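Report on one structure; see the data block that follows.
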Amino acid sequence: MKISFKSLVITLIVFYIVGATGIIVPETHHAFSNLIPVALILNAILLTLFHRPGINIRTTLVFLFIAFFSFFIEVAGVKTGKIFGSYSYGDSLGPKILETPVLIGLNWLMLVYCSKVASDRLSENSTARIIIAPFLMVIYDLVLEQSAPGLEMWHWSGGSVPVKNYLAWFILALLFHLIVKYCKISFSNKMAIPVLVVQFLFFVVLWINFMLTV
């Protein structure tokens with residue numbers, strides 16, 4: 001039986017509503033927070049299913065570069081504190097190598113991917129798209145950073161997010177989008193914007209909840 005796109009979007013929304021509810025309820029908070037890696041992998045599968053026009057060698061190599069390079073940048077960030085600021089990862093993002101979650105590279109790749117699709121929708125100007133996409137990623141991170149400590153994703157030394165974290169996010173995002181552009185990687189994905197928006201709203205809800213329960 002073929003499942004419609006609309007049904008999958010509804011399922012995605014329900015999945016995140018259940019997840020947010022489980023995190024908000026104190027008795028189930030820890031268990032649902034530990035399901036974040038599962039959510040990341042399911043999102044990646046959804047995006048793969050709707051990726052068009054297909055994966056070729058060049059696209060695969062660029063995507064792998066973004067995933068691996070971002071992972072090692074995060075490793076350097078954790079070890080030195082000089083890129084994003086001084087922070088350490090918790091346990092809710094799954095297994096770690098060199099104190100850095102294995103899935104963090106996949107998360108960066110999905111954000112680059114989804115923000116490219118969104119920027120393509122927002123503007124027809126190729127130069128504007130290159131600027132819009134990193135800004136979308138920084139806006140996403142602004143909200144994510146407010147929820148991350150409560151989800152045991154990561155913690156900042158001193159408890160506050162340094163400005164250079166957002167600057168580093170923008171620079172890295174810009175670099176990745178420039179690589180996608182100049183390697184002439186072109187794709188569309190009607191699931192990308194729903195995934196990005198639902199994730200964003202998920203973190204907005206949790207941010208509000210954490211503020212009200214402090």
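Identifiers in this document derive from the order of the structure tokens: chains are assigned A, B, ..., residues are numbered from 1 separately in each chain, and ligands are numbered from 1 in order of occurrence.
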Apply DSSP to the structure's backbone, then extract all residues of stretch 23-131 of chain A labelled strand (DSSP E or B) and return them as a list of chain:residue names. A:Arg52, A:Tyr87, A:Ser88, A:Tyr89, A:Lys96, A:Ile97, A:Thr100, A:Pro101
Determine, counting only C-alpha atoms, which protein, DNA and RNA residues have an atom within 8 Å of an atom of stretch 60-76 of chain A; residues of the same chain fewer than 5 positions away are not included. Present the result as a PDB file with N, CA and C atoms, in the first residue's frame.
```pdb
ATOM      1  N   ILE A  55      20.777  10.118  -6.290  1.00  0.00           N
ATOM      2  CA  ILE A  55      22.129  10.334  -5.784  1.00  0.00           C
ATOM      3  C   ILE A  55      23.145   9.856  -6.805  1.00  0.00           C
ATOM      4  N   GLY A  81      37.739  24.452  22.416  1.00  0.00           N
ATOM      5  CA  GLY A  81      36.891  25.561  22.851  1.00  0.00           C
ATOM      6  C   GLY A  81      37.106  26.834  22.061  1.00  0.00           C
ATOM      7  N   ILE A  83      36.519  27.289  18.608  1.00  0.00           N
ATOM      8  CA  ILE A  83      35.712  27.483  17.394  1.00  0.00           C
ATOM      9  C   ILE A  83      34.326  28.023  17.732  1.00  0.00           C
ATOM     10  N   LEU A  98      35.672  10.569  20.381  1.00  0.00           N
ATOM     11  CA  LEU A  98      36.436  11.764  20.740  1.00  0.00           C
ATOM     12  C   LEU A  98      35.538  12.803  21.418  1.00  0.00           C
ATOM     13  N   GLU A  99      34.639  12.315  22.287  1.00  0.00           N
ATOM     14  CA  GLU A  99      33.728  13.149  23.069  1.00  0.00           C
ATOM     15  C   GLU A  99      32.693  13.883  22.220  1.00  0.00           C
ATOM     16  N   THR A 100      32.512  13.422  20.983  1.00  0.00           N
ATOM     17  CA  THR A 100      31.584  14.072  20.049  1.00  0.00           C
ATOM     18  C   THR A 100      30.609  13.041  19.485  1.00  0.00           C
ATOM     19  N   VAL A 102      28.503  10.732  17.230  1.00  0.00           N
ATOM     20  CA  VAL A 102      28.714  10.268  15.857  1.00  0.00           C
ATOM     21  C   VAL A 102      27.702  10.908  14.904  1.00  0.00           C
ATOM     22  N   ILE A 104      26.394  13.839  14.913  1.00  0.00           N
ATOM     23  CA  ILE A 104      26.395  15.298  14.760  1.00  0.00           C
ATOM     24  C   ILE A 104      26.677  15.715  13.323  1.00  0.00           C
ATOM     25  N   GLY A 105      27.487  14.929  12.613  1.00  0.00           N
ATOM     26  CA  GLY A 105      27.755  15.230  11.203  1.00  0.00           C
ATOM     27  C   GLY A 105      26.512  15.065  10.350  1.00  0.00           C
ATOM     28  N   LEU A 106      25.725  14.029  10.663  1.00  0.00           N
ATOM     29  CA  LEU A 106      24.463  13.821   9.951  1.00  0.00           C
ATOM     30  C   LEU A 106      23.517  14.981  10.208  1.00  0.00           C
ATOM     31  N   ASN A 107      23.502  15.472  11.440  1.00  0.00           N
ATOM     32  CA  ASN A 107      22.642  16.608  11.776  1.00  0.00           C
ATOM     33  C   ASN A 107      23.028  17.846  10.976  1.00  0.00           C
ATOM     34  N   TRP A 108      24.332  18.131  10.896  1.00  0.00           N
ATOM     35  CA  TRP A 108      24.796  19.253  10.079  1.00  0.00           C
ATOM     36  C   TRP A 108      24.381  19.079   8.621  1.00  0.00           C
ATOM     37  N   LEU A 109      24.575  17.880   8.088  1.00  0.00           N
ATOM     38  CA  LEU A 109      24.226  17.622   6.696  1.00  0.00           C
ATOM     39  C   LEU A 109      22.744  17.857   6.450  1.00  0.00           C
ATOM     40  N   PHE A 176      29.600  25.488   3.558  1.00  0.00           N
ATOM     41  CA  PHE A 176      28.954  24.290   3.027  1.00  0.00           C
ATOM     42  C   PHE A 176      28.034  24.614   1.854  1.00  0.00           C
ATOM     43  N   ILE A 179      30.073  25.311  -1.195  1.00  0.00           N
ATOM     44  CA  ILE A 179      30.568  24.054  -1.774  1.00  0.00           C
ATOM     45  C   ILE A 179      29.478  23.390  -2.602  1.00  0.00           C
ATOM     46  N   VAL A 180      28.263  23.354  -2.068  1.00  0.00           N
ATOM     47  CA  VAL A 180      27.129  22.767  -2.799  1.00  0.00           C
ATOM     48  C   VAL A 180      26.893  23.517  -4.108  1.00  0.00           C
ATOM     49  N   CYS A 183      29.981  23.075  -6.612  1.00  0.00           N
ATOM     50  CA  CYS A 183      30.063  21.699  -7.106  1.00  0.00           C
ATOM     51  C   CYS A 183      28.843  21.341  -7.954  1.00  0.00           C
TER      52      CYS A 183
END
```
Write out as a short mmCIF file (atom, residue, chain, number, x, y, z; two decimals) with N, CA and C atoms, in the first residue's frame which residues come within 9 Å of A:Ile36 when counting only C-alpha atoms, dropping same-chain ones fewer than 2 positions away.
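Result file is selection33.cif:
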```
data_model
loop_
_atom_site.label_atom_id
_atom_site.label_comp_id
_atom_site.auth_asym_id
_atom_site.auth_seq_id
_atom_site.Cartn_x
_atom_site.Cartn_y
_atom_site.Cartn_z
N GLY A 19 6.76 13.26 21.00
CA GLY A 19 8.10 13.43 21.54
C GLY A 19 8.20 14.61 22.49
N PHE A 32 12.48 9.90 26.71
CA PHE A 32 12.19 10.52 25.42
C PHE A 32 13.37 11.35 24.91
N SER A 33 14.13 11.94 25.82
CA SER A 33 15.33 12.69 25.40
C SER A 33 16.33 11.75 24.72
N ASN A 34 16.39 10.52 25.20
CA ASN A 34 17.32 9.55 24.63
C ASN A 34 16.87 9.01 23.28
N VAL A 38 17.15 8.48 17.38
CA VAL A 38 16.16 7.77 16.55
C VAL A 38 15.44 8.76 15.65
N ALA A 39 15.07 9.92 16.20
CA ALA A 39 14.38 10.95 15.42
C ALA A 39 15.27 11.44 14.28
N LEU A 40 16.56 11.65 14.56
CA LEU A 40 17.49 12.10 13.52
C LEU A 40 17.57 11.09 12.38
N ILE A 41 17.69 9.83 12.73
CA ILE A 41 17.82 8.79 11.71
C ILE A 41 16.53 8.66 10.90
N SER A 92 22.43 12.43 25.20
CA SER A 92 21.17 12.21 24.49
C SER A 92 21.31 12.18 22.96
N LEU A 93 22.50 12.49 22.45
CA LEU A 93 22.70 12.41 21.00
C LEU A 93 23.34 11.08 20.58
N GLY A 94 23.44 10.17 21.51
CA GLY A 94 23.92 8.83 21.17
C GLY A 94 25.41 8.64 21.36
#
```
Looking only at the backbone, which of the residues in chain A does DSSP tag as alpha helix (DSSP H), as a PyMOL selection string? chain A and resi 5-24+29-33+36-50+57-80+104-122+126-147+163-182+192-213
Between A:Leu136, A:Leu46, A:Leu35, A:Ile24, single out the one closest to A:Gly150, counting only C-alpha atoms.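 Of all the options, A:Ile24 lies closest to A:Gly150.
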If we count only C-alpha atoms, what is near A:Leu12 at a cut-off of 9 Å, once residues fewer than 5 positions away on the same chain are taken out, given as a count of residues only? 6
A:Met153, A:Val204, A:Met137, A:Ile23: which is nearest A:Tyr87, counting only C-alpha atoms?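 With only C-alpha atoms as the atom set, the closest residue is A:Met153.
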Which residue is closest to A:Val138? Choose from A:Leu49, A:Leu111, A:Leu122, A:Ile208 and count only C-alpha atoms.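 Among the listed residues, the smallest separation from A:Val138 belongs to A:Leu111.
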What is the distance, in Å and to one decimal place, between atom CA of A:Ser160 and atom CA of A:Leu144?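 Atom CA of A:Ser160 sits 13.1 Å away from atom CA of A:Leu144.
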So that I can see what lies close to A:Lys164, please list as a PyMOL selection string the residues with an atom at most 10 Å from it, counting only C-alpha atoms and leaving out residues fewer than 5 positions away in the same chain. chain A and resi 82-85+169-170
Please provide as a ChimeraX atom specification all residues within 12 Å of A:Ile139, with the sequence filter that same-chain residues fewer than 2 positions apart are discarded (counting only C-alpha atoms). /A:111,115,132-137,141-146,166-167,169-170,173,196-197,200-201,203-204
Residues of the last selection are to be written out with C-alpha atoms, as a PDB file, in the first residue's frame.
```
ATOM      1  CA  LEU A 111      20.379  21.196   8.203  1.00  0.00           C
ATOM      2  CA  SER A 115      18.003  25.033   4.483  1.00  0.00           C
ATOM      3  CA  ILE A 132      19.488  33.115   3.115  1.00  0.00           C
ATOM      4  CA  ALA A 133      20.379  29.481   3.791  1.00  0.00           C
ATOM      5  CA  PRO A 134      23.094  30.171   6.438  1.00  0.00           C
ATOM      6  CA  PHE A 135      20.802  32.725   8.109  1.00  0.00           C
ATOM      7  CA  LEU A 136      18.077  30.079   8.338  1.00  0.00           C
ATOM      8  CA  MET A 137      20.564  27.727   9.990  1.00  0.00           C
ATOM      9  CA  ASP A 141      20.474  27.285  16.132  1.00  0.00           C
ATOM     10  CA  LEU A 142      19.311  30.308  18.142  1.00  0.00           C
ATOM     11  CA  VAL A 143      16.250  28.309  19.186  1.00  0.00           C
ATOM     12  CA  LEU A 144      18.050  24.964  19.452  1.00  0.00           C
ATOM     13  CA  GLU A 145      20.623  26.393  21.865  1.00  0.00           C
ATOM     14  CA  GLN A 146      17.882  27.319  24.332  1.00  0.00           C
ATOM     15  CA  TYR A 166      26.570  31.834  16.068  1.00  0.00           C
ATOM     16  CA  LEU A 167      29.308  33.441  14.020  1.00  0.00           C
ATOM     17  CA  TRP A 169      27.658  28.510  12.620  1.00  0.00           C
ATOM     18  CA  PHE A 170      27.123  31.144   9.949  1.00  0.00           C
ATOM     19  CA  ALA A 173      26.980  27.050   6.941  1.00  0.00           C
ATOM     20  CA  LEU A 196      12.865  21.706   9.062  1.00  0.00           C
ATOM     21  CA  VAL A 197       9.719  23.507  10.241  1.00  0.00           C
ATOM     22  CA  PHE A 200      12.129  24.126  14.610  1.00  0.00           C
ATOM     23  CA  LEU A 201       8.682  24.282  16.237  1.00  0.00           C
ATOM     24  CA  PHE A 203      12.523  23.195  19.863  1.00  0.00           C
ATOM     25  CA  VAL A 204      10.426  26.369  20.220  1.00  0.00           C
TER      26      VAL A 204
END
```
Test item: residues at most 10 Å from A:Leu47, only C-alpha atoms, excluding those fewer than 2 positions along its chain, as an mmCIF file with C-alpha atoms, in the first residue's frame:
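Once everything was written out, this is out-v2.cif:
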```cif
data_model
loop_
_atom_site.group_PDB
_atom_site.id
_atom_site.type_symbol
_atom_site.label_atom_id
_atom_site.label_comp_id
_atom_site.auth_asym_id
_atom_site.auth_seq_id
_atom_site.Cartn_x
_atom_site.Cartn_y
_atom_site.Cartn_z
ATOM 1 C CA ILE A 41 17.820 8.785 11.711
ATOM 2 C CA LEU A 42 14.100 8.656 10.847
ATOM 3 C CA ASN A 43 14.300 12.200 9.468
ATOM 4 C CA ALA A 44 17.283 11.202 7.336
ATOM 5 C CA ILE A 45 15.317 8.234 5.964
ATOM 6 C CA LEU A 49 12.859 8.816 0.242
ATOM 7 C CA PHE A 50 11.859 12.171 -1.273
ATOM 8 C CA HIS A 51 15.265 13.246 -2.602
ATOM 9 C CA ARG A 52 15.178 14.122 -6.287
ATOM 10 C CA MET A 110 20.449 17.543 7.155
ATOM 11 C CA TYR A 113 20.219 20.101 2.970
ATOM 12 C CA CYS A 114 16.904 21.392 4.318
ATOM 13 C CA ASN A 189 12.828 17.481 -1.771
ATOM 14 C CA LYS A 190 9.241 18.237 -0.794
ATOM 15 C CA MET A 191 9.812 16.679 2.636
ATOM 16 C CA ALA A 192 12.717 19.005 3.514
ATOM 17 C CA ILE A 193 10.682 22.043 4.552
ATOM 18 C CA VAL A 195 11.125 18.375 8.473
#
```
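Picture a line from atom CA of A:Ser126 to atom CA of A:Leu175; it runs 14.9 Å.
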